[in-house]
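This is structure_10.txt. It holds compact mmCIF, C-alpha atoms.
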```
# COMPACT_ATOMS: atom_id res chain seq x y z
CA MET H 624 -1.28 14.86 2.31
CA LYS H 625 -1.65 16.58 5.66
CA ARG H 626 -0.15 15.13 8.80
CA ILE H 627 -1.71 12.03 10.37
CA SER H 628 -2.83 13.94 13.44
CA VAL H 629 -4.80 10.96 14.75
CA ALA H 630 -1.52 9.33 15.77
CA LEU H 631 -0.50 12.23 18.01
CA ILE H 632 -2.68 11.03 20.89
CA VAL H 633 -0.19 8.20 21.34
CA LEU H 634 2.64 10.57 22.16
CA GLY H 635 0.31 12.54 24.39
CA ALA H 636 -0.24 9.38 26.37
CA VAL H 637 3.50 8.76 26.57
CA ALA H 638 4.08 12.31 27.75
CA SER H 639 1.62 11.86 30.59
CA MET H 640 3.87 9.14 32.03
CA ALA H 641 6.07 11.80 33.64
CA ILE H 642 4.83 12.84 37.08
CA SER H 643 6.30 14.40 40.21
CA SER H 644 9.99 13.56 40.57
CA PRO H 645 11.92 12.99 43.79
CA SER H 646 14.87 15.15 44.76
CA GLY H 647 17.87 14.50 42.51
CA ALA H 648 15.76 13.41 39.55
CA ALA H 649 15.98 14.99 36.10
CA THR H 650 15.00 18.63 35.70
CA LYS H 651 12.96 20.08 32.82
CA ALA H 652 16.14 21.46 31.23
CA GLN H 653 17.91 18.10 31.52
CA VAL H 654 15.00 16.26 29.91
CA LYS H 655 14.79 18.77 27.05
CA ALA H 656 18.52 18.43 26.43
CA ARG H 657 18.03 14.70 25.73
CA LEU H 658 15.80 15.30 22.69
CA LEU H 659 17.02 14.98 19.12
CA SER H 660 17.63 18.39 17.54
CA LEU H 661 17.28 19.69 14.01
CA SER H 662 21.01 19.02 13.49
CA ASN H 663 20.20 15.31 13.82
CA MET H 664 17.70 15.45 10.97
CA PRO H 665 18.46 14.69 7.30
CA THR H 666 18.94 17.56 4.84
CA GLY H 667 15.63 19.21 3.96
CA TRP H 668 13.87 18.36 7.21
CA SER H 669 12.54 21.15 9.43
CA VAL H 670 10.84 21.68 12.78
CA ASP H 671 7.21 20.63 12.51
CA ASN H 672 5.02 23.09 14.38
CA SER H 673 1.79 21.51 13.13
CA ALA H 674 2.08 18.61 15.57
CA SER H 675 1.29 20.75 18.62
CA SER H 676 -1.91 22.09 17.08
CA SER H 677 -3.30 18.84 15.67
CA SER H 678 -6.67 17.51 16.70
CA GLY H 679 -8.28 14.11 16.63
CA GLY H 680 -7.01 11.02 18.38
CA ILE H 681 -7.34 7.34 19.03
CA PRO H 682 -10.42 6.89 21.23
CA CYS H 683 -9.29 3.73 23.03
CA LEU H 684 -6.11 5.51 24.21
CA LYS H 685 -7.74 8.73 25.42
CA PRO H 686 -8.59 7.42 28.92
CA ILE H 687 -4.89 7.10 29.78
CA LYS H 688 -4.04 10.62 28.58
CA ALA H 689 -4.48 12.22 31.99
CA PRO H 690 -1.91 15.03 32.28
CA SER H 691 -0.14 15.64 35.57
CA ARG H 692 0.51 19.11 36.94
CA HIS H 693 4.00 17.89 37.85
CA GLU H 694 4.98 16.16 34.65
CA ILE H 695 8.60 16.47 33.53
CA LYS H 696 8.66 15.98 29.79
CA ALA H 697 9.95 17.37 26.53
CA THR H 698 8.74 16.86 22.97
CA ALA H 699 10.11 17.49 19.50
CA SER H 700 8.65 17.09 16.01
CA TYR H 701 10.39 17.23 12.62
CA ALA H 702 9.23 16.54 9.07
CA ASP H 703 10.37 16.42 5.48
CA GLY H 704 7.64 18.66 4.10
CA SER H 705 4.50 16.84 5.20
CA LEU H 706 5.80 13.26 5.43
CA PRO H 707 7.88 11.41 6.46
CA ALA H 708 7.94 12.86 9.95
CA ILE H 709 9.25 11.99 13.38
CA GLN H 710 7.93 12.89 16.81
CA GLU H 711 9.76 12.24 20.04
CA VAL H 712 8.87 12.42 23.72
CA VAL H 713 11.36 12.07 26.58
CA ALA H 714 10.07 12.02 30.14
CA ALA H 715 11.19 11.35 33.71
CA GLY H 716 9.37 11.01 37.00
CA SER H 717 8.70 8.79 39.98
CA GLY H 718 5.69 7.17 38.32
CA ALA H 719 7.15 6.77 34.84
CA ALA H 720 7.80 3.03 35.02
CA SER H 721 4.26 2.11 36.10
CA SER H 722 2.72 4.41 33.50
CA TYR H 723 5.00 2.91 30.85
CA ARG H 724 3.50 -0.50 31.65
CA ALA H 725 -0.04 0.93 31.60
CA LEU H 726 0.51 2.45 28.16
CA ASN H 727 1.81 -0.84 26.81
CA ARG H 728 -1.28 -2.61 28.12
CA ALA H 729 -3.54 -0.02 26.50
CA LEU H 730 -1.76 -0.26 23.14
CA ALA H 731 -1.95 -4.04 23.22
CA ALA H 732 -5.71 -3.89 23.85
CA CYS H 733 -6.44 -1.19 21.24
CA LYS H 734 -6.75 -3.30 18.10
CA SER H 735 -8.75 -0.95 15.85
CA PHE H 736 -10.25 2.53 15.97
CA THR H 737 -12.36 5.09 14.14
CA SER H 738 -11.75 8.81 14.55
CA SER H 739 -11.77 12.05 12.57
CA SER H 740 -9.23 14.61 11.39
CA GLY H 741 -10.21 17.90 9.80
CA GLY H 742 -13.74 16.61 9.25
CA GLN H 743 -12.52 13.46 7.50
CA LYS H 744 -13.15 9.95 8.75
CA VAL H 745 -10.07 8.09 9.91
CA THR H 746 -9.92 4.33 10.43
CA GLY H 747 -6.99 2.30 11.62
CA ASN H 748 -5.58 -0.54 13.62
CA ILE H 749 -2.71 -1.09 16.05
CA GLY H 750 -0.58 -4.20 16.41
CA ALA H 751 2.70 -5.22 18.00
CA MET H 752 5.62 -5.12 15.59
CA SER H 753 8.96 -6.89 15.47
CA PHE H 754 11.72 -4.55 16.63
CA PRO H 755 15.11 -5.15 18.30
CA SER H 756 15.04 -4.66 22.07
CA VAL H 757 16.83 -1.45 23.05
CA ALA H 758 18.10 0.27 26.21
CA ASN H 759 16.65 -1.09 29.48
CA GLY H 760 13.49 -2.36 27.82
CA SER H 761 11.34 -1.47 24.86
CA SER H 762 8.25 -2.32 22.87
CA ALA H 763 7.06 -1.40 19.40
CA TYR H 764 3.71 -1.00 17.67
CA ALA H 765 2.62 -0.49 14.07
CA ILE H 766 -0.29 1.90 13.52
CA LYS H 767 -2.03 1.59 10.15
CA ILE H 768 -4.23 4.50 9.14
CA SER H 769 -6.58 5.25 6.25
CA ILE H 770 -7.72 8.85 5.73
CA ASP H 771 -9.44 10.27 2.68
CA GLY H 772 -8.57 7.14 0.68
CA ILE H 773 -4.84 7.36 1.44
CA ASP H 774 -3.10 4.68 3.48
CA ALA H 775 -0.33 5.69 5.86
CA GLY H 776 1.53 4.18 8.75
CA ALA H 777 3.17 5.18 12.01
CA ASP H 778 5.70 3.00 13.82
CA LEU H 779 5.86 3.68 17.56
CA VAL H 780 8.77 2.56 19.74
CA LEU H 781 8.50 2.95 23.52
CA PHE H 782 11.60 2.57 25.68
CA LYS H 783 13.13 2.85 29.13
CA ALA H 784 16.69 4.20 29.38
CA GLY H 785 17.97 4.71 32.91
CA LYS H 786 15.79 7.31 34.65
CA TYR H 787 14.15 8.28 31.36
CA VAL H 788 11.20 6.85 29.46
CA GLY H 789 10.12 7.94 26.04
CA ALA H 790 8.93 7.23 22.56
CA VAL H 791 9.78 7.76 18.93
CA LEU H 792 6.90 7.88 16.43
CA TYR H 793 7.87 7.72 12.75
CA GLU H 794 5.15 8.42 10.15
CA ASP H 795 5.11 7.92 6.39
CA ILE H 796 2.85 7.15 3.46
CA GLY H 797 2.23 3.42 3.12
CA THR H 798 4.44 1.36 5.42
CA PRO H 799 7.35 3.10 7.18
CA ASP H 800 10.82 1.75 6.38
CA PRO H 801 11.86 -0.29 9.48
CA GLN H 802 15.54 0.50 8.93
CA GLN H 803 14.82 4.23 9.05
CA VAL H 804 12.78 3.77 12.22
CA GLN H 805 15.65 1.84 13.81
CA ALA H 806 18.14 4.54 12.79
CA PHE H 807 16.08 7.29 14.42
CA VAL H 808 15.58 5.24 17.59
CA LYS H 809 19.32 4.53 17.77
CA GLU H 810 20.16 8.24 17.56
CA ALA H 811 17.45 9.12 20.08
CA LEU H 812 18.90 6.69 22.60
CA GLU H 813 22.46 7.87 21.97
CA LYS H 814 21.30 11.41 22.82
CA ILE H 815 19.44 10.29 25.95
CA GLN H 816 22.50 8.38 27.15
CA GLY H 817 24.75 11.38 26.59
CA ARG H 818 26.72 9.96 23.69
CA PRO H 819 27.71 11.68 20.41
CA THR H 820 24.92 11.74 17.83
CA GLY H 821 24.62 12.33 14.11
CA ILE H 822 22.16 11.97 11.26
CA PRO H 823 20.47 8.54 10.94
CA THR H 824 22.78 6.42 8.76
CA THR H 825 20.07 5.18 6.39
CA PHE H 826 19.75 8.64 4.82
```
Could you write out this file's structure as C-alpha cells?
Amino acid sequence: MKRISVALIVLGAVASMAISSPSGAATKAQVKARLLSLSNMPTGWSVDNSASSSSGGIPCLKPIKAPSRHEIKATASYADGSLPAIQEVVAAGSGAASSYRALNRALAACKSFTSSSGGQKVTGNIGAMSFPSVANGSSAYAIKISIDGIDAGADLVLFKAGKYVGAVLYEDIGTPDPQQVQAFVKEALEKIQGRPTGIPTTF
C-alpha cells in the first residue's frame, strides 16, 4: 500500500506555526538538530523521501496551512518500507503558541473528510485520543482513513516543549499501536530537550 499522503496536510499545518522569531530565539540549524535521526529508527527503517512529494490533503485543515516567509521549522520522515512510518515537525517562533492553539481548534472541529490521493477517493475522520500529557502541554488525535478499500490510521501528537512546538505523526495499517506511538514521542521529546536518545523501546 502506498503512503497515506492525505495525512501529510496535518504536519504542513503544524509546520506553519513557526513564524518570525525574536533575537535570541532558535535558529534553523538549532531546530533541525532537535529532530530524530535515522540512528533513532528501528533496524530496517530508512529516510522516507516520498513524504515531501505527496499530494492530497484534509480539506477542513487547509485554511490554516498558510506558510510564513519567516518560518523556522524542520521536518523528518522515516518508514519501514511503506508502512509503518513516522513524520516529525519541530518549529520555533514568536507566534508558535497561538498557532498551536489554532491548530488544536481546527483539529477538534474537523470530524470527517473526503479527499483524493493518486486519483483514488479517500474518506476519513478525526477524533481526540487518549494520550499521556507530555512536556509543557500536548494533545493527541486519531485519524482514521480508508483508501482503495484498505483501512489505515495515523496518530498525531502535538506538543509544546520550552521554546519549541512540534508534532509526531505515526501511520500504520489498521490501528497504530499506542505503545509504539508513545515510544516515538518520548524519544522525540528527549531529543528536543537535549537529552540522550535511542531507538524506541517497544521495538
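Interatomic distance, atom CA of Asp800 of chain H against atom CA of Pro819 of chain H: 24.1 Å.
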task: State, in Å with one decimal place, the distance from atom CA of Asn727 of chain H to atom CA of Thr825 of chain H.
output: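 For atom CA of Asn727 of chain H relative to atom CA of Thr825 of chain H, the distance reads 28.0 Å.
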- line: Atom pair atom CA of Ala697 of chain H + atom CA of Ile766 of chain H, distance 22.7 Å
- prompt: With all atoms listed in the file as the basis for distance, which of H:Ser705, H:Ser753, H:Asn672, H:Gln816 is at the shortest distance from Pro801 of chain H?
  reply: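 Nearest to Pro801 of chain H: H:Ser753.
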query: Excluding same-chain residues fewer than 3 positions from Pro665 of chain H, what lies within 8 Å of it counting only C-alpha atoms, as a PyMOL selection string?
result: chain H and resi 662+668+822-823+826
- prompt: What residues have an atom no more than 7 Å from (6.3, 1.5, 19.8) in the file's own frame, counting all atoms listed in the file, and can you write them as a list of chain:residue names?
  reply: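 Here the neighbourhood of the point contains H:Ser762, H:Ala763, H:Tyr764, H:Asp778, H:Leu779, H:Val780, H:Leu781, H:Ala790.
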message: Could you check the closest approach to Gln803 of chain H for each of H:Leu726, H:Ile695, H:Ile815, H:Ala708 and tell me which residue wins, using all atoms listed in the file?
response: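 For Gln803 of chain H, the nearest of the given residues is H:Ala708.
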Local residues around (12.1, 14.6, 34.7), at most 6 Å away, using all atoms listed in the file, as a JSON list (two decimals) with C-alpha atoms, in the frame of the given file:
```json
[["chain", "number", "residue", "atom", "x", "y", "z"],
["H", 649, "ALA", "CA", 15.98, 14.99, 36.10],
["H", 650, "THR", "CA", 15.00, 18.63, 35.70],
["H", 651, "LYS", "CA", 12.96, 20.08, 32.82],
["H", 654, "VAL", "CA", 15.00, 16.26, 29.91],
["H", 695, "ILE", "CA", 8.60, 16.47, 33.53],
["H", 714, "ALA", "CA", 10.07, 12.02, 30.14],
["H", 715, "ALA", "CA", 11.19, 11.35, 33.71],
["H", 716, "GLY", "CA", 9.37, 11.01, 37.00]]
```
Top pick for closest residue to Phe754 of chain H, considering H:Val808, H:Ala729, H:Val670, H:Leu658 and counting only C-alpha atoms: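 For Phe754 of chain H, the nearest of the candidates is H:Val808.
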task: Could you give me, as a list in words, the residues within 7 Å of Phe782 of chain H, counting all atoms listed in the file and dropping anything in the same chain fewer than 4 positions from it?
output: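 So, after excluding close chain neighbours, the residues are Ala758, Gly760, Ser761, Ser762, Val788, Gly789 and Ala790 of chain H.
Shortest separation to Ile681 of chain H among H:Ala702, H:Val745, H:Ala652, H:Ala765 occurs at residue H:Val745, atoms counted being only C-alpha atoms.
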- request: Do a neighbour search on Asn759 of chain H at 9 Å with only C-alpha atoms, toss out local chain neighbours closer than 6 positions, and write the hits as a list in words.
  value: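 The neighbour list is Phe782, Lys783, Ala784 and Gly785 of chain H.
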message: Between H:Ala725, H:Ala732, H:Val791, H:Val804, which residue has the minimum interatomic distance to Gly750 of chain H, considering all atoms listed in the file?
response: H:Ala732
- request: Would you mind telling me which residue in H:Gly667, H:Ile796, H:Ser739, H:Glu711 lies nearest to Leu812 of chain H when using all atoms listed in the file?
  value: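 The shortest atom-to-atom distance to Leu812 of chain H comes from H:Glu711.
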Since the input is missing atoms for segment 648-665 of chain H, could you rebuild it with N, CA and C atoms and give the result as a compact mmCIF listing (two decimals), in the frame of the given file?
```txt
# COMPACT_ATOMS: atom_id res chain seq x y z
N ALA H 648 16.19 13.93 40.84
CA ALA H 648 15.76 13.41 39.55
C ALA H 648 16.01 14.46 38.47
N ALA H 649 15.72 14.09 37.22
CA ALA H 649 15.98 14.99 36.10
C ALA H 649 15.14 16.26 36.18
N THR H 650 15.72 17.36 35.77
CA THR H 650 15.00 18.63 35.70
C THR H 650 14.42 18.79 34.30
N LYS H 651 13.55 19.80 34.13
CA LYS H 651 12.96 20.08 32.82
C LYS H 651 14.05 20.35 31.79
N ALA H 652 15.06 21.14 32.16
CA ALA H 652 16.14 21.46 31.23
C ALA H 652 16.93 20.21 30.84
N GLN H 653 17.16 19.32 31.80
CA GLN H 653 17.91 18.10 31.52
C GLN H 653 17.13 17.18 30.58
N VAL H 654 15.82 17.10 30.79
CA VAL H 654 15.00 16.26 29.91
C VAL H 654 14.99 16.83 28.50
N LYS H 655 14.82 18.14 28.37
CA LYS H 655 14.79 18.77 27.05
C LYS H 655 16.11 18.58 26.31
N ALA H 656 17.21 18.58 27.05
CA ALA H 656 18.52 18.43 26.43
C ALA H 656 18.74 17.04 25.85
N ARG H 657 17.89 16.07 26.22
CA ARG H 657 18.03 14.70 25.73
C ARG H 657 17.28 14.46 24.42
N LEU H 658 16.54 15.46 23.94
CA LEU H 658 15.80 15.30 22.69
C LEU H 658 16.71 15.43 21.47
N LEU H 659 16.36 14.76 20.40
CA LEU H 659 17.02 14.98 19.12
C LEU H 659 16.78 16.42 18.68
N SER H 660 17.76 17.02 18.03
CA SER H 660 17.63 18.39 17.54
C SER H 660 17.56 18.40 16.03
N LEU H 661 17.36 19.58 15.46
CA LEU H 661 17.28 19.69 14.01
C LEU H 661 18.60 19.27 13.34
N SER H 662 19.71 19.43 14.05
CA SER H 662 21.01 19.02 13.49
C SER H 662 21.11 17.51 13.31
N ASN H 663 20.22 16.77 13.98
CA ASN H 663 20.20 15.31 13.82
C ASN H 663 19.32 14.86 12.66
N MET H 664 18.62 15.80 12.03
CA MET H 664 17.70 15.45 10.97
C MET H 664 18.41 15.47 9.61
N PRO H 665 17.91 14.68 8.66
CA PRO H 665 18.46 14.69 7.30
C PRO H 665 18.28 16.05 6.63
```
